[in-house]
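Since the structure comes first, as structure tokens, the remarks are kept for the end.
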Number of protein chains: 2
Amino acid sequence: MKKSIGGKTLVFPAPVLIVGTYDDAHKPNVMAVAWGGICCSQPPCVAVSLRKATYSYGNIVSRKAFTVNIPSEQQVREADYFGMASGRDEDKFQRTGLTPVASELVDAPYIAEFPMVLECRVLHTIEIGLHTEFVGEILDIKAEETVIGENGNPDMERLKPIAYEPLNRRYFSIGGLLGKAHSVGREIGD
Amino acid sequence: MKKSIGGKTLVFPAPVLIVGTYDDAHKPNVMAVAWGGICCSQPPCVAVSLRKATYSYGNIVSRKAFTVNIPSEQQVREADYFGMASGRDEDKFQRTGLTPVASELVDAPYIAEFPMVLECRVLHTIEIGLHTEFVGEILDIKAEETVIGENGNPDMERLKPIAYEPLNRRYFSIGGLLGKAHSVGREIGD
């Protein structure tokens with residue numbers, strides 16, 4: 001029996017996306033975003049939603065660019081901190097000891113120590129309500145060689161990303177393999 | 001050392017969202033979508049991206065409504081099948097033996113046996129490229145009482161959703177607790 005819980009913001013699992021930007025003084029900033037994900041295959045695009053009140057919002061509007069850094073589970077403390085502090089008040093790179101690297105493709109920094117980054121230029125800006133959604137074209141993805149599998153793709157088992165649980169606000173690791181897509185359901189169609 | 005892998009569609013983890021719609025003959029259909037997620041807190045909104053070629057695309061355009069059903073890991077076979085077959089050729093409810101339930105809030109069906117559903121009306125339609133993004137206002141969420149925790153929120157440990165790995169196209173379960181948000185990173189800010 002299903003119970004109504006009201007109009008809430010809940011999808012399982014949500015990602016932990018660390019958005020990298022430059023401010024007007026070219027100071028690098030990062031913030032944690034759980035509202036986002038891939039939104040188009042051609043051109044390859046990722047969407048991230050930010051409140052106007054955030055420091056990163058203004059940075060993206062000015063620079064028309066951002067990066068999306070994917071933390072591994074070992075970096076959950078830094079990722080969580082990036083979602084609490086504001087770049088208006090704190091230098092989050094200095095506080096964490098992480099290293100900003102200037103993207104050569106877009107006007108935004110990424111985190112050297114995080115295993116994977118998407119370099120994005122803003123294609124669309126959609127005013128939804130409290131959040132503004134930025135759709136960024138993914139010009140390149142860069143990943144540590146240690147997380148790239150034999151087929152050349154970044155591998156989720158090697159990268160060990162974080163799954164976020166909205167409402168209860170908890171972080172989880174990724175568990176065991178359930179099966180291959182376009183395969184485990186094949187018998188139903190036959 | 002980071003290696004460039006090109007502009008690809010990769011974020012870890014992606015969700016498995018089963019989008020429910022009615023066609024012009026009021027036949028219920030479902031399809032699996034990995035490109036989507038929450039995109040606004042107020043009003044609460046979820047985004048799903050579909051190719052125009054899908055049967056569900058036309059259904060959403062006509063009905064201006066859809067549901068987002070979240071499968072548990074025990075339903076990975078059905079979820080995978082929903083991403084392979086087209087409602088144009090097959091009755092996916094009949095094939096899986098699952099039960100369509102008419103939403104009382106929006107003009108779309110949901111899956112009785114899946115543990116959670118978001119009932120959505122279309123607020124925005126954004127043409128990005130190969131994919132069109134539909135932003136739906138979440139009018140209500142309904143969840144099985146067995147997946148609702150003591151605080152009244154659906155609980156990810158009880159629901160056991162599926163994490164999807166793009167490119168390598170694999171499904172994973174959710175693993176162990178890494179920590180509480182706005183908590184594990186607090187010491188960095190102090």
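Identifiers in the structure tokens: chain A, B, ... in order shown; residue index from 1 per chain; ligand index from 1 in order shown.
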Note to self: Residues near Glu144 of chain A, anyone? I mean within 10 Å using only C-alpha atoms, not counting same-chain ones fewer than 3 positions away, as a ChimeraX atom specification.
What the structure shows: /A:112-117,147-148,154,159 /B:1-4
Checklist line | Near-Tyr55 of chain A list (12 Å; only C-alpha atoms; drop same-chain fewer than 4 positions) as a list in words | finding: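 Returned residues: Val19, Gly20, Thr21, Tyr22, Asp23, Asp24, Lys27, Pro28, Asn29, Val30, Met31, Ala32, Leu50, Arg51, Asn59, Ile60, Val61, Ser62, Phe82, Gly83, Ala85, Ser86, Gly87, Arg88, Asp89, Glu90 and Asp91 of chain A.
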Note to self: as a ChimeraX atom specification, please: every residue in segment 17-62 of chain A that a backbone DSSP assignment puts in strand (DSSP E).
What the structure shows: /A:17-22,28-33,36-40,45-51
Next item on the list: Find the spatial neighbours of Val101 of chain B, counting only C-alpha atoms, within a cut-off of 8 Å - ignore same-chain residues fewer than 6 positions away - and output them as JSON, numbers by chain.
Entry: {"B": [109, 110, 111, 112]}
Could you write those residues out with all heavy atoms, as a PDB file, in the first residue's frame?
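The new file part.pdb reads:
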ATOM      1  N   PRO B 109       0.150   7.037 -15.719  1.00  0.00           N
ATOM      2  CA  PRO B 109       0.050   5.849 -14.847  1.00  0.00           C
ATOM      3  C   PRO B 109       1.338   5.634 -14.066  1.00  0.00           C
ATOM      4  O   PRO B 109       2.404   6.105 -14.462  1.00  0.00           O
ATOM      5  CB  PRO B 109      -0.117   4.724 -15.863  1.00  0.00           C
ATOM      6  CG  PRO B 109       0.730   5.186 -17.031  1.00  0.00           C
ATOM      7  CD  PRO B 109       0.673   6.691 -17.057  1.00  0.00           C
ATOM      8  N   TYR B 110       1.223   4.924 -12.936  1.00  0.00           N
ATOM      9  CA  TYR B 110       2.445   4.488 -12.252  1.00  0.00           C
ATOM     10  C   TYR B 110       2.390   2.984 -12.023  1.00  0.00           C
ATOM     11  O   TYR B 110       1.370   2.345 -12.307  1.00  0.00           O
ATOM     12  CB  TYR B 110       2.700   5.272 -10.973  1.00  0.00           C
ATOM     13  CG  TYR B 110       1.672   5.181  -9.866  1.00  0.00           C
ATOM     14  CD1 TYR B 110       1.728   4.170  -8.916  1.00  0.00           C
ATOM     15  CD2 TYR B 110       0.665   6.131  -9.757  1.00  0.00           C
ATOM     16  CE1 TYR B 110       0.804   4.101  -7.876  1.00  0.00           C
ATOM     17  CE2 TYR B 110      -0.268   6.068  -8.726  1.00  0.00           C
ATOM     18  CZ  TYR B 110      -0.192   5.050  -7.790  1.00  0.00           C
ATOM     19  OH  TYR B 110      -1.105   4.989  -6.764  1.00  0.00           O
ATOM     20  N   ILE B 111       3.502   2.439 -11.542  1.00  0.00           N
ATOM     21  CA  ILE B 111       3.633   0.988 -11.407  1.00  0.00           C
ATOM     22  C   ILE B 111       3.324   0.585  -9.968  1.00  0.00           C
ATOM     23  O   ILE B 111       4.034   0.971  -9.042  1.00  0.00           O
ATOM     24  CB  ILE B 111       5.059   0.528 -11.780  1.00  0.00           C
ATOM     25  CG1 ILE B 111       5.434   1.016 -13.190  1.00  0.00           C
ATOM     26  CG2 ILE B 111       5.184  -0.995 -11.678  1.00  0.00           C
ATOM     27  CD1 ILE B 111       6.901   0.787 -13.554  1.00  0.00           C
ATOM     28  N   ALA B 112       2.263  -0.193  -9.786  1.00  0.00           N
ATOM     29  CA  ALA B 112       1.829  -0.573  -8.431  1.00  0.00           C
ATOM     30  C   ALA B 112       2.943  -1.254  -7.650  1.00  0.00           C
ATOM     31  O   ALA B 112       3.132  -0.994  -6.458  1.00  0.00           O
ATOM     32  CB  ALA B 112       0.616  -1.499  -8.516  1.00  0.00           C
TER      33      ALA B 112
END
Chain B contacts to chain A at 6 Å (only C-alpha atoms) as a PDB file with N, CA, C and O atoms, in the first residue's frame:
ATOM      1  N   MET B   1      47.917  11.504 -12.744  1.00  0.00           N
ATOM      2  CA  MET B   1      47.892  12.161 -14.056  1.00  0.00           C
ATOM      3  C   MET B   1      46.549  11.898 -14.739  1.00  0.00           C
ATOM      4  O   MET B   1      46.107  10.758 -14.823  1.00  0.00           O
ATOM      5  N   LYS B   2      45.920  13.007 -15.186  1.00  0.00           N
ATOM      6  CA  LYS B   2      44.615  12.829 -15.818  1.00  0.00           C
ATOM      7  C   LYS B   2      44.748  12.648 -17.322  1.00  0.00           C
ATOM      8  O   LYS B   2      45.565  13.285 -17.977  1.00  0.00           O
ATOM      9  N   LYS B   3      43.880  11.795 -17.840  1.00  0.00           N
ATOM     10  CA  LYS B   3      43.880  11.477 -19.268  1.00  0.00           C
ATOM     11  C   LYS B   3      42.583  11.979 -19.876  1.00  0.00           C
ATOM     12  O   LYS B   3      41.514  11.818 -19.279  1.00  0.00           O
ATOM     13  N   SER B   4      42.647  12.569 -21.047  1.00  0.00           N
ATOM     14  CA  SER B   4      41.453  13.050 -21.738  1.00  0.00           C
ATOM     15  C   SER B   4      40.720  11.888 -22.394  1.00  0.00           C
ATOM     16  O   SER B   4      41.337  11.065 -23.081  1.00  0.00           O
ATOM     17  N   ILE B   5      39.418  11.811 -22.156  1.00  0.00           N
ATOM     18  CA  ILE B   5      38.654  10.750 -22.826  1.00  0.00           C
ATOM     19  C   ILE B   5      37.591  11.322 -23.779  1.00  0.00           C
ATOM     20  O   ILE B   5      36.783  10.585 -24.327  1.00  0.00           O
ATOM     21  N   GLY B   6      37.594  12.661 -23.963  1.00  0.00           N
ATOM     22  CA  GLY B   6      36.656  13.266 -24.907  1.00  0.00           C
ATOM     23  C   GLY B   6      35.348  13.687 -24.273  1.00  0.00           C
ATOM     24  O   GLY B   6      35.118  13.464 -23.086  1.00  0.00           O
ATOM     25  N   GLY B   7      34.502  14.325 -25.070  1.00  0.00           N
ATOM     26  CA  GLY B   7      33.226  14.830 -24.575  1.00  0.00           C
ATOM     27  C   GLY B   7      32.187  13.713 -24.559  1.00  0.00           C
ATOM     28  O   GLY B   7      31.509  13.483 -25.552  1.00  0.00           O
ATOM     29  N   LYS B   8      32.079  13.029 -23.426  1.00  0.00           N
ATOM     30  CA  LYS B   8      31.150  11.904 -23.328  1.00  0.00           C
ATOM     31  C   LYS B   8      30.103  12.163 -22.251  1.00  0.00           C
ATOM     32  O   LYS B   8      30.214  13.108 -21.482  1.00  0.00           O
ATOM     33  N   THR B   9      29.100  11.314 -22.213  1.00  0.00           N
ATOM     34  CA  THR B   9      28.003  11.479 -21.244  1.00  0.00           C
ATOM     35  C   THR B   9      28.248  10.587 -20.047  1.00  0.00           C
ATOM     36  O   THR B   9      27.866   9.418 -20.027  1.00  0.00           O
ATOM     37  N   PRO B  13      27.016   8.458  -9.620  1.00  0.00           N
ATOM     38  CA  PRO B  13      26.209   7.448 -10.307  1.00  0.00           C
ATOM     39  C   PRO B  13      25.051   8.110 -11.024  1.00  0.00           C
ATOM     40  O   PRO B  13      24.627   9.200 -10.640  1.00  0.00           O
ATOM     41  N   PRO B  15      20.915   7.701 -12.031  1.00  0.00           N
ATOM     42  CA  PRO B  15      19.776   6.958 -11.478  1.00  0.00           C
ATOM     43  C   PRO B  15      19.134   6.070 -12.543  1.00  0.00           C
ATOM     44  O   PRO B  15      19.475   6.151 -13.722  1.00  0.00           O
ATOM     45  N   TRP B  35      19.069   9.712 -17.943  1.00  0.00           N
ATOM     46  CA  TRP B  35      19.402  11.136 -17.979  1.00  0.00           C
ATOM     47  C   TRP B  35      18.294  11.911 -17.265  1.00  0.00           C
ATOM     48  O   TRP B  35      17.262  12.229 -17.831  1.00  0.00           O
ATOM     49  N   GLY B  36      18.535  12.214 -15.997  1.00  0.00           N
ATOM     50  CA  GLY B  36      17.535  12.957 -15.241  1.00  0.00           C
ATOM     51  C   GLY B  36      17.909  13.071 -13.782  1.00  0.00           C
ATOM     52  O   GLY B  36      18.948  12.555 -13.345  1.00  0.00           O
ATOM     53  N   GLY B  37      17.057  13.775 -13.045  1.00  0.00           N
ATOM     54  CA  GLY B  37      17.281  13.959 -11.613  1.00  0.00           C
ATOM     55  C   GLY B  37      16.524  15.182 -11.134  1.00  0.00           C
ATOM     56  O   GLY B  37      15.899  15.895 -11.924  1.00  0.00           O
ATOM     57  N   ILE B  38      16.587  15.417  -9.830  1.00  0.00           N
ATOM     58  CA  ILE B  38      15.951  16.597  -9.256  1.00  0.00           C
ATOM     59  C   ILE B  38      16.626  17.851  -9.830  1.00  0.00           C
ATOM     60  O   ILE B  38      17.843  17.887 -10.003  1.00  0.00           O
ATOM     61  N   CYS B  39      15.824  18.896 -10.132  1.00  0.00           N
ATOM     62  CA  CYS B  39      16.416  20.104 -10.716  1.00  0.00           C
ATOM     63  C   CYS B  39      15.965  21.392 -10.029  1.00  0.00           C
ATOM     64  O   CYS B  39      16.433  22.471 -10.405  1.00  0.00           O
ATOM     65  N   CYS B  40      15.073  21.304  -9.054  1.00  0.00           N
ATOM     66  CA  CYS B  40      14.658  22.512  -8.326  1.00  0.00           C
ATOM     67  C   CYS B  40      13.983  22.105  -7.017  1.00  0.00           C
ATOM     68  O   CYS B  40      13.252  21.110  -6.976  1.00  0.00           O
ATOM     69  N   GLN B  42      12.076  24.483  -5.006  1.00  0.00           N
ATOM     70  CA  GLN B  42      10.811  25.212  -4.879  1.00  0.00           C
ATOM     71  C   GLN B  42      10.454  25.855  -6.205  1.00  0.00           C
ATOM     72  O   GLN B  42      11.130  26.804  -6.587  1.00  0.00           O
ATOM     73  N   PRO B  44       9.165  21.881  -6.132  1.00  0.00           N
ATOM     74  CA  PRO B  44       9.934  20.647  -6.288  1.00  0.00           C
ATOM     75  C   PRO B  44       9.794  20.106  -7.702  1.00  0.00           C
ATOM     76  O   PRO B  44       8.669  19.866  -8.168  1.00  0.00           O
ATOM     77  N   SER B  49      15.202  13.450 -19.518  1.00  0.00           N
ATOM     78  CA  SER B  49      15.527  13.753 -20.914  1.00  0.00           C
ATOM     79  C   SER B  49      15.216  12.548 -21.788  1.00  0.00           C
ATOM     80  O   SER B  49      15.642  11.428 -21.490  1.00  0.00           O
ATOM     81  N   ARG B  77      15.653  -6.495 -13.540  1.00  0.00           N
ATOM     82  CA  ARG B  77      15.329  -7.125 -14.831  1.00  0.00           C
ATOM     83  C   ARG B  77      14.219  -6.351 -15.539  1.00  0.00           C
ATOM     84  O   ARG B  77      14.323  -6.042 -16.730  1.00  0.00           O
ATOM     85  N   GLU B  78      13.175  -6.018 -14.804  1.00  0.00           N
ATOM     86  CA  GLU B  78      12.066  -5.255 -15.394  1.00  0.00           C
ATOM     87  C   GLU B  78      12.548  -3.865 -15.834  1.00  0.00           C
ATOM     88  O   GLU B  78      12.205  -3.384 -16.917  1.00  0.00           O
ATOM     89  N   ASP B  80      15.501  -2.933 -16.724  1.00  0.00           N
ATOM     90  CA  ASP B  80      16.349  -3.048 -17.914  1.00  0.00           C
ATOM     91  C   ASP B  80      15.497  -3.293 -19.157  1.00  0.00           C
ATOM     92  O   ASP B  80      15.715  -2.676 -20.203  1.00  0.00           O
ATOM     93  N   TYR B  81      14.520  -4.165 -19.033  1.00  0.00           N
ATOM     94  CA  TYR B  81      13.602  -4.426 -20.153  1.00  0.00           C
ATOM     95  C   TYR B  81      12.901  -3.140 -20.592  1.00  0.00           C
ATOM     96  O   TYR B  81      12.754  -2.873 -21.794  1.00  0.00           O
ATOM     97  N   GLY B 129      19.190  18.958 -27.842  1.00  0.00           N
ATOM     98  CA  GLY B 129      19.850  18.399 -29.023  1.00  0.00           C
ATOM     99  C   GLY B 129      19.147  17.097 -29.336  1.00  0.00           C
ATOM    100  O   GLY B 129      17.932  17.087 -29.563  1.00  0.00           O
ATOM    101  N   LEU B 130      19.866  15.985 -29.297  1.00  0.00           N
ATOM    102  CA  LEU B 130      19.218  14.689 -29.509  1.00  0.00           C
ATOM    103  C   LEU B 130      18.135  14.461 -28.459  1.00  0.00           C
ATOM    104  O   LEU B 130      17.107  13.844 -28.744  1.00  0.00           O
ATOM    105  N   HIS B 131      18.365  14.970 -27.244  1.00  0.00           N
ATOM    106  CA  HIS B 131      17.399  14.801 -26.163  1.00  0.00           C
ATOM    107  C   HIS B 131      16.625  16.089 -25.881  1.00  0.00           C
ATOM    108  O   HIS B 131      17.165  17.186 -25.974  1.00  0.00           O
ATOM    109  N   ILE B 138       6.817  18.143  -9.189  1.00  0.00           N
ATOM    110  CA  ILE B 138       6.457  16.953  -8.416  1.00  0.00           C
ATOM    111  C   ILE B 138       5.270  17.308  -7.521  1.00  0.00           C
ATOM    112  O   ILE B 138       5.422  17.969  -6.496  1.00  0.00           O
ATOM    113  N   LEU B 139       4.067  16.884  -7.929  1.00  0.00           N
ATOM    114  CA  LEU B 139       2.876  17.225  -7.151  1.00  0.00           C
ATOM    115  C   LEU B 139       2.763  16.360  -5.905  1.00  0.00           C
ATOM    116  O   LEU B 139       2.280  16.803  -4.865  1.00  0.00           O
ATOM    117  N   ASP B 140       3.208  15.117  -6.026  1.00  0.00           N
ATOM    118  CA  ASP B 140       3.200  14.233  -4.853  1.00  0.00           C
ATOM    119  C   ASP B 140       4.194  13.110  -5.087  1.00  0.00           C
ATOM    120  O   ASP B 140       4.533  12.782  -6.227  1.00  0.00           O
ATOM    121  N   ILE B 141       4.672  12.541  -3.988  1.00  0.00           N
ATOM    122  CA  ILE B 141       5.436  11.299  -4.017  1.00  0.00           C
ATOM    123  C   ILE B 141       4.644  10.282  -3.211  1.00  0.00           C
ATOM    124  O   ILE B 141       4.121  10.604  -2.134  1.00  0.00           O
ATOM    125  N   LYS B 142       4.523   9.081  -3.757  1.00  0.00           N
ATOM    126  CA  LYS B 142       3.885   7.986  -3.023  1.00  0.00           C
ATOM    127  C   LYS B 142       4.906   6.862  -2.864  1.00  0.00           C
ATOM    128  O   LYS B 142       5.608   6.520  -3.812  1.00  0.00           O
ATOM    129  N   ALA B 143       4.974   6.326  -1.661  1.00  0.00           N
ATOM    130  CA  ALA B 143       5.953   5.268  -1.389  1.00  0.00           C
ATOM    131  C   ALA B 143       5.313   4.167  -0.560  1.00  0.00           C
ATOM    132  O   ALA B 143       4.407   4.424   0.243  1.00  0.00           O
ATOM    133  N   GLU B 144       5.800   2.952  -0.766  1.00  0.00           N
ATOM    134  CA  GLU B 144       5.331   1.827   0.045  1.00  0.00           C
ATOM    135  C   GLU B 144       5.710   2.075   1.502  1.00  0.00           C
ATOM    136  O   GLU B 144       6.821   2.531   1.791  1.00  0.00           O
ATOM    137  N   ARG B 169      27.637   0.720 -18.990  1.00  0.00           N
ATOM    138  CA  ARG B 169      26.270   0.212 -18.961  1.00  0.00           C
ATOM    139  C   ARG B 169      26.070  -0.960 -17.990  1.00  0.00           C
ATOM    140  O   ARG B 169      25.728  -2.083 -18.394  1.00  0.00           O
ATOM    141  N   ARG B 170      26.318  -0.661 -16.711  1.00  0.00           N
ATOM    142  CA  ARG B 170      26.114  -1.701 -15.693  1.00  0.00           C
ATOM    143  C   ARG B 170      25.260  -1.149 -14.554  1.00  0.00           C
ATOM    144  O   ARG B 170      25.239   0.053 -14.292  1.00  0.00           O
ATOM    145  N   TYR B 171      24.570  -2.049 -13.899  1.00  0.00           N
ATOM    146  CA  TYR B 171      23.752  -1.692 -12.733  1.00  0.00           C
ATOM    147  C   TYR B 171      24.445  -2.160 -11.456  1.00  0.00           C
ATOM    148  O   TYR B 171      24.945  -3.290 -11.401  1.00  0.00           O
ATOM    149  N   PHE B 172      24.415  -1.302 -10.435  1.00  0.00           N
ATOM    150  CA  PHE B 172      24.993  -1.640  -9.142  1.00  0.00           C
ATOM    151  C   PHE B 172      23.974  -1.383  -8.038  1.00  0.00           C
ATOM    152  O   PHE B 172      23.091  -0.532  -8.167  1.00  0.00           O
ATOM    153  N   SER B 173      24.146  -2.100  -6.939  1.00  0.00           N
ATOM    154  CA  SER B 173      23.355  -1.810  -5.744  1.00  0.00           C
ATOM    155  C   SER B 173      24.001  -0.644  -4.993  1.00  0.00           C
ATOM    156  O   SER B 173      25.090  -0.195  -5.334  1.00  0.00           O
ATOM    157  N   ILE B 174      23.297  -0.152  -3.980  1.00  0.00           N
ATOM    158  CA  ILE B 174      23.855   0.859  -3.095  1.00  0.00           C
ATOM    159  C   ILE B 174      24.589   0.140  -1.954  1.00  0.00           C
ATOM    160  O   ILE B 174      24.102  -0.869  -1.438  1.00  0.00           O
ATOM    161  N   GLY B 175      25.751   0.637  -1.591  1.00  0.00           N
ATOM    162  CA  GLY B 175      26.575  -0.025  -0.577  1.00  0.00           C
ATOM    163  C   GLY B 175      26.373   0.557   0.815  1.00  0.00           C
ATOM    164  O   GLY B 175      25.272   0.964   1.185  1.00  0.00           O
ATOM    165  N   GLY B 176      27.441   0.615   1.565  1.00  0.00           N
ATOM    166  CA  GLY B 176      27.372   1.006   2.969  1.00  0.00           C
ATOM    167  C   GLY B 176      27.336   2.507   3.188  1.00  0.00           C
ATOM    168  O   GLY B 176      27.681   3.301   2.308  1.00  0.00           O
ATOM    169  N   LEU B 177      26.927   2.885   4.386  1.00  0.00           N
ATOM    170  CA  LEU B 177      26.845   4.299   4.774  1.00  0.00           C
ATOM    171  C   LEU B 177      28.243   4.901   4.910  1.00  0.00           C
ATOM    172  O   LEU B 177      29.106   4.329   5.568  1.00  0.00           O
ATOM    173  N   LEU B 178      28.453   6.057   4.249  1.00  0.00           N
ATOM    174  CA  LEU B 178      29.736   6.758   4.366  1.00  0.00           C
ATOM    175  C   LEU B 178      29.673   7.866   5.419  1.00  0.00           C
ATOM    176  O   LEU B 178      30.702   8.248   5.979  1.00  0.00           O
ATOM    177  N   GLY B 179      28.486   8.386   5.649  1.00  0.00           N
ATOM    178  CA  GLY B 179      28.364   9.462   6.639  1.00  0.00           C
ATOM    179  C   GLY B 179      27.141  10.317   6.391  1.00  0.00           C
ATOM    180  O   GLY B 179      26.421  10.144   5.399  1.00  0.00           O
ATOM    181  N   LYS B 180      26.913  11.239   7.296  1.00  0.00           N
ATOM    182  CA  LYS B 180      25.760  12.119   7.248  1.00  0.00           C
ATOM    183  C   LYS B 180      26.197  13.433   6.592  1.00  0.00           C
ATOM    184  O   LYS B 180      27.275  13.946   6.886  1.00  0.00           O
ATOM    185  N   ALA B 181      25.361  13.967   5.699  1.00  0.00           N
ATOM    186  CA  ALA B 181      25.681  15.238   5.050  1.00  0.00           C
ATOM    187  C   ALA B 181      25.562  16.387   6.039  1.00  0.00           C
ATOM    188  O   ALA B 181      24.840  16.302   7.031  1.00  0.00           O
ATOM    189  N   VAL B 184      29.870  15.154   8.141  1.00  0.00           N
ATOM    190  CA  VAL B 184      31.209  14.551   8.003  1.00  0.00           C
ATOM    191  C   VAL B 184      32.280  15.558   7.593  1.00  0.00           C
ATOM    192  O   VAL B 184      33.455  15.376   7.891  1.00  0.00           O
ATOM    193  N   GLY B 185      31.877  16.657   6.913  1.00  0.00           N
ATOM    194  CA  GLY B 185      32.858  17.648   6.483  1.00  0.00           C
ATOM    195  C   GLY B 185      33.002  18.822   7.433  1.00  0.00           C
ATOM    196  O   GLY B 185      33.752  19.757   7.171  1.00  0.00           O
TER     197      GLY B 185
END
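Atom CA of Val33 of chain A is found 23.2 Å from atom CA of Glu104 of chain A.
Closest approach to His26 of chain B among B:Arg121, B:Thr67, B:Glu150, B:Ala108: B:Ala108, based on only C-alpha atoms.
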Item checked: Residue set, chain B restricted to alpha helix (DSSP H), as an MDAnalysis selection string -> chainID B and resid 55:63 76:82 92:96 156:159 186:189
Notebook entry, point to check: In Å to one decimal, how far is atom CA of Val122 of chain A from atom CA of Pro100 of chain A?
Noted result: 20.3 Å
